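Written below as structure tokens is the structure these notes are about.
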Amino acid sequence: MALISTGMGLTVLRTINAALGLLLSVALAAVFGVSQEADALFVAMSVAVVLGRDLSRVVRTAAVPCLVEHDADGGGSVFPAMFHGATVLFAAGCAALAWMAAPWIVRFTSPGFDPATAQAATRLLRLLSPSLLLFVLFGSAQAVFHARRRFFAPEIGETVWRVLAIAVLFALGRRAGVEAFAAGLLLAAFVQWFALLLVGVRCGWHVLPTRWTPIRLSTLRPFWLSAAAVLCSVVQMQVEGVLDRAMVSFMAPGSIALFTYAQRLAHAAPLLLSTSLLMPWLPEIARIRARVGDSRRLAKQGSLFLAGLGALLALVIVWSARDAVALLLLRGKFDAHSADVVVAALRAFALGIPAIFCVQCLAGVHIVERNPRAMLRMGWVAVLAHAAGNVALRGWGVPGIALSGSLAVWCVAIYLWRHIRSEEPVWFDWPRFAGAMVAAGLALYAVPWRSLPGGTPAGVAAGALAAWGAYNVVLWPALRRMRAYEREATQPTDRKIPVL
């Protein structure tokens, strides 16, 4: 299996999806602007769409190793049938719970809403609640495809959802308002799942239960452990999101929309880079885990280099924040004052990007080991740090809440680094990294990129590429050393992993 070529193909598709997601955020800002109805829409989408996608990821990530191990053992159809049956019941329960508990969900997540806005958010959440069912079913279908090393069809399904979401925004949302747009989002979720279902049927794979099999918890225990570990991470992120929206809901109308725009702009690239190239390795994790040796050392080694990449990305975002907001958001109903708030919040979010890269790599140790207790402890650290930061920085408005999130993720990174101990020392070329960051900073700030022919967009792109080039030139010897280490660590050999 050509993992590198598969990873590169996924990177292209996920880049397209990231661009479409960014385009959707820009279109939402242009169509609905900063208003109470936009706040209500974002609160409803945070549950029906964002949480739905998170639950889909939990099901997919937890099921793939179990399905791979089941196929390797030559098992029959008992586990897949139980898995699909349990998934359908879980998905239907989530959708029903969201519909019935919608008023309490809105009241809990956005206590500062006035009655009219709260009622609008409740109505939108009930309209979108079936999306939870469709997203979870899509995740179980993804697991079947990924376990068989087929990655492109599910990713194309993600593309279809985003294209349809943008289409219904302009076809329905702009003319008929947020409720029509929400109905269009529900249709897009159905098309996304049904298309993957048809592809699975054509390939002869079951992505839905074909017969009822009594569910035995002992048979599904490996899946429940994996799901619990991943779910801890999802719950942590959802609770932190609730803490943010609850605090921001007490601010001026439209503040939730401003916070959401800044968060999406800041986190689009980190999430893309942290998932694209890793996805093809998930079906192989049961095989390569025994070859890694000290997997904790490998995780800590990788976390440092990912954090270094995140530091470069954060520097570029801070440098280009105002240009990016002016180019992408400052149009339609989005005014200059709102742009200033988003710029400040975007820069505050960027401060936490290196820690986000570090945490994702280190937390993977606990997920691979199926250790939900460790993930739960990590979640408590994140939530407590985030809540304390929100209280301390609420006076700074939307940028203060964004800064609170960045400080919280740094607390989690430090906690994981201290508690994940490797048997061998971890190496990192700190002087060379510092030189690489200085070179990247000079490449950005010492050259008037914005005055180049082609205007601001061309200048920002050229400056970012120059910073990337300068960073890699200075850090290249250390990068080669790390690549050689990873190559030796993952080879199917009994040789001792080299010491960096």
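Labels used: A, B, ... for chains in the order of the structure tokens, numbers from 1 for residues in each chain, and numbers from 1 for ligands as shown.
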Within 6 Å of A:Ala470, counting only C-alpha atoms, which residues show up once you throw out same-chain ones fewer than 2 positions away? Write them as number ranges by chain, please. A: 439-440, 467-468, 472-473
Store the residues picked out above in a file with C-alpha atoms, as a tab-separated table (two decimals), in the first residue's frame.
chain	number	residue	atom	x	y	z
A	439	ALA	CA	14.92	33.67	9.71
A	440	ALA	CA	11.18	33.22	9.10
A	467	ALA	CA	9.02	32.34	5.57
A	468	TRP	CA	8.44	28.62	4.96
A	472	ASN	CA	13.25	24.89	6.26
A	473	VAL	CA	16.67	25.98	5.03
For the interface of stretch 136-238 of chain A with stretch 13-16 of chain A (cut-off 9 Å, counting only C-alpha atoms), please tabulate each contacting residue of stretch 136-238 of chain A alongside its nearest pair of atoms and their separation in Å to one decimal, rows sorted by chain and increasing number, as a Markdown table.
| residue | atom | partner | partner_atom | distance |
| --- | --- | --- | --- | --- |
| A:Phe152 | CA | A:Leu13 | CA | 8.0 |
| A:Glu155 | CA | A:Leu13 | CA | 6.8 |
| A:Ile156 | CA | A:Leu13 | CA | 7.4 |
| A:Glu158 | CA | A:Arg14 | CA | 8.8 |
| A:Thr159 | CA | A:Ile16 | CA | 7.6 |
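Between atom CA of A:Leu312 and atom CA of A:Trp476 there is a distance of 14.2 Å.
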Calculate how many Å separate atom CA of A:Phe113 from atom CA of A:Ala189, rounding to one decimal.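 Going from atom CA of A:Phe113 over to atom CA of A:Ala189, I get 27.9 Å.
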Between atom CA of A:Leu22 and atom CA of A:Tyr261, what is the distance, to one decimal in Å?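 Those two atoms sit 9.4 Å apart.
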Nearest to A:Arg418, restricted to only C-alpha atoms and choosing among A:Met378, A:Cys232, A:Leu198, A:Val160, comes out as A:Met378
Env of A:Leu220: 8 Å cut, atoms = only C-alpha atoms, seq-sep filter 5 positions within chain, self excluded. Answer as a list in words.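 Contacts, in chain order: Phe79, Met82 and Phe83 of chain A.
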Go ahead and dump the residues you just picked, N, CA, C and O atoms, as a PDB file, in the first residue's frame.
ATOM      1  N   PHE A  79     -19.075  -9.525  14.914  1.00  0.00           N
ATOM      2  CA  PHE A  79     -18.678  -8.197  15.370  1.00  0.00           C
ATOM      3  C   PHE A  79     -19.194  -7.086  14.456  1.00  0.00           C
ATOM      4  O   PHE A  79     -19.773  -6.110  14.949  1.00  0.00           O
ATOM      5  N   MET A  82     -22.924  -6.589  15.077  1.00  0.00           N
ATOM      6  CA  MET A  82     -23.169  -5.927  16.364  1.00  0.00           C
ATOM      7  C   MET A  82     -22.778  -4.459  16.318  1.00  0.00           C
ATOM      8  O   MET A  82     -23.492  -3.590  16.851  1.00  0.00           O
ATOM      9  N   PHE A  83     -21.651  -4.176  15.688  1.00  0.00           N
ATOM     10  CA  PHE A  83     -21.172  -2.794  15.607  1.00  0.00           C
ATOM     11  C   PHE A  83     -22.174  -1.914  14.863  1.00  0.00           C
ATOM     12  O   PHE A  83     -22.530  -0.827  15.337  1.00  0.00           O
TER      13      PHE A  83
END
A:Ala314: which residues within 7 Å, counting only C-alpha atoms, same-chain residues fewer than 2 positions away excluded, as a compact mmCIF listing (two decimals) with all heavy atoms, in the first residue's frame?
# COMPACT_ATOMS: atom_id res chain seq x y z
N GLY A 310 3.96 24.25 14.06
CA GLY A 310 2.88 25.10 14.52
C GLY A 310 3.34 26.50 14.86
O GLY A 310 2.61 27.48 14.64
N ALA A 311 4.57 26.63 15.39
CA ALA A 311 5.10 27.95 15.70
C ALA A 311 5.28 28.78 14.43
O ALA A 311 4.98 29.99 14.41
CB ALA A 311 6.44 27.81 16.43
N LEU A 312 5.75 28.13 13.36
CA LEU A 312 5.88 28.85 12.09
C LEU A 312 4.51 29.27 11.57
O LEU A 312 4.32 30.42 11.13
CB LEU A 312 6.58 27.95 11.07
CG LEU A 312 6.61 28.48 9.63
CD1 LEU A 312 7.43 29.76 9.55
CD2 LEU A 312 7.16 27.43 8.67
N VAL A 316 3.04 33.15 10.87
CA VAL A 316 2.46 33.61 9.60
C VAL A 316 1.05 34.15 9.81
O VAL A 316 0.66 35.17 9.23
CB VAL A 316 2.45 32.44 8.59
CG1 VAL A 316 1.68 32.83 7.33
CG2 VAL A 316 3.87 32.04 8.22
N ILE A 317 0.25 33.50 10.67
CA ILE A 317 -1.12 33.96 10.92
C ILE A 317 -1.11 35.32 11.61
O ILE A 317 -1.90 36.21 11.26
CB ILE A 317 -1.88 32.91 11.75
CG1 ILE A 317 -2.17 31.67 10.89
CG2 ILE A 317 -3.18 33.48 12.29
CD1 ILE A 317 -2.85 30.56 11.63
N VAL A 318 -0.24 35.50 12.60
CA VAL A 318 -0.15 36.80 13.28
C VAL A 318 0.23 37.89 12.29
O VAL A 318 -0.32 39.00 12.31
CB VAL A 318 0.86 36.72 14.44
CG1 VAL A 318 1.18 38.10 14.98
CG2 VAL A 318 0.33 35.82 15.56
N ALA A 350 -3.94 32.20 17.48
CA ALA A 350 -2.70 31.73 16.87
C ALA A 350 -1.64 31.39 17.91
O ALA A 350 -0.81 30.50 17.68
CB ALA A 350 -2.16 32.79 15.90
N LEU A 351 -1.66 32.05 19.05
CA LEU A 351 -0.66 31.77 20.10
C LEU A 351 -0.75 30.34 20.60
O LEU A 351 0.24 29.81 21.14
CB LEU A 351 -0.85 32.76 21.25
CG LEU A 351 -0.63 34.23 20.92
CD1 LEU A 351 -0.87 35.09 22.16
CD2 LEU A 351 0.77 34.47 20.38
N ILE A 353 -1.50 27.63 18.65
CA ILE A 353 -1.35 26.64 17.59
C ILE A 353 -0.19 25.68 17.85
O ILE A 353 -0.34 24.46 17.66
CB ILE A 353 -1.21 27.33 16.22
CG1 ILE A 353 -2.55 27.96 15.83
CG2 ILE A 353 -0.75 26.36 15.14
CD1 ILE A 353 -2.52 28.74 14.54
Could I get the residues of stretch 4-59 of chain A with an atom no further than 10 Å from an atom of stretch 95-100 of chain A, each paired with its nearest atom pair and that distance in Å to one decimal, using only C-alpha atoms, sorted by chain and residue number, as CSV?
residue,atom,partner,partner_atom,distance
A:Val47,CA,A:Ala98,CA,8.1
A:Ala48,CA,A:Ala98,CA,7.9
A:Gly52,CA,A:Ala95,CA,9.4
Identify, on the basis of only C-alpha atoms, every residue whose closest approach to stretch 396-398 of chain A does not exceed 7 Å; exclude the query and any residue fewer than 6 positions from it along the same chain; express the result as a short mmCIF file (atom, residue, chain, number, x, y, z; two decimals) with N, CA, C and O atoms, in the first residue's frame.
data_model
loop_
_atom_site.label_atom_id
_atom_site.label_comp_id
_atom_site.auth_asym_id
_atom_site.auth_seq_id
_atom_site.Cartn_x
_atom_site.Cartn_y
_atom_site.Cartn_z
N VAL A 248 -19.30 34.32 26.08
CA VAL A 248 -19.46 35.32 25.01
C VAL A 248 -20.91 35.73 24.85
O VAL A 248 -21.21 36.84 24.41
N SER A 255 -21.47 38.75 19.15
CA SER A 255 -20.15 38.37 19.62
C SER A 255 -19.84 36.90 19.36
O SER A 255 -18.70 36.54 19.07
N PHE A 259 -16.59 35.52 17.38
CA PHE A 259 -15.72 34.50 17.98
C PHE A 259 -15.59 33.29 17.05
O PHE A 259 -14.50 32.76 16.85
N ALA A 345 -8.79 38.61 17.95
CA ALA A 345 -9.10 37.25 18.39
C ALA A 345 -8.31 36.21 17.59
O ALA A 345 -7.83 35.21 18.14
#
Surrounding residues of A:Leu134 excluding itself and chain neighbours under 6 positions, 8 Å, only C-alpha atoms, as a VMD selection string: chain A and resid 91 189 to 190 193
Same residues, C-alpha atoms, output as a PDB file, in the first residue's frame:
ATOM      1  CA  ALA A  91     -27.281   7.585  16.284  1.00  0.00           C
ATOM      2  CA  ALA A 189     -26.065  15.563   5.365  1.00  0.00           C
ATOM      3  CA  PHE A 190     -28.487  13.015   3.890  1.00  0.00           C
ATOM      4  CA  TRP A 193     -24.379   9.607   3.811  1.00  0.00           C
TER       5      TRP A 193
END
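Closest approach to A:Cys203 among A:Phe223, A:Phe145, A:Phe170, A:Trp449: A:Phe145, based on only C-alpha atoms.
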Select, from A:Gly93, A:Pro65, A:Pro253, A:Pro399, the residue with the minimum atom-to-atom distance to A:Gln36, counting only C-alpha atoms.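 Using only C-alpha atoms, the shortest distance to A:Gln36 belongs to A:Pro253.
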Picked from stretch 202-259 of chain A by DSSP as helix (DSSP H, G or I), as JSON, numbers by chain: {"A": [202, 203, 221, 222, 223, 224, 225, 226, 227, 228, 229, 230, 231, 232, 233, 234, 235, 236, 237, 238, 239, 240, 241, 242, 243, 244, 245, 246, 247, 248, 255, 256, 257, 258, 259]}
Leaving out A:Ala382 and any residue of its chain fewer than 6 positions from it, which residues lie within 7 Å of it when counting only C-alpha atoms, given as a ChimeraX atom specification? /A:408-409,412
Using only C-alpha atoms, which of A:Leu306, A:Ala299, A:Leu376, A:Ala252 sits nearest A:Val34?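 That would be A:Ala252, the residue with the smallest distance to A:Val34.
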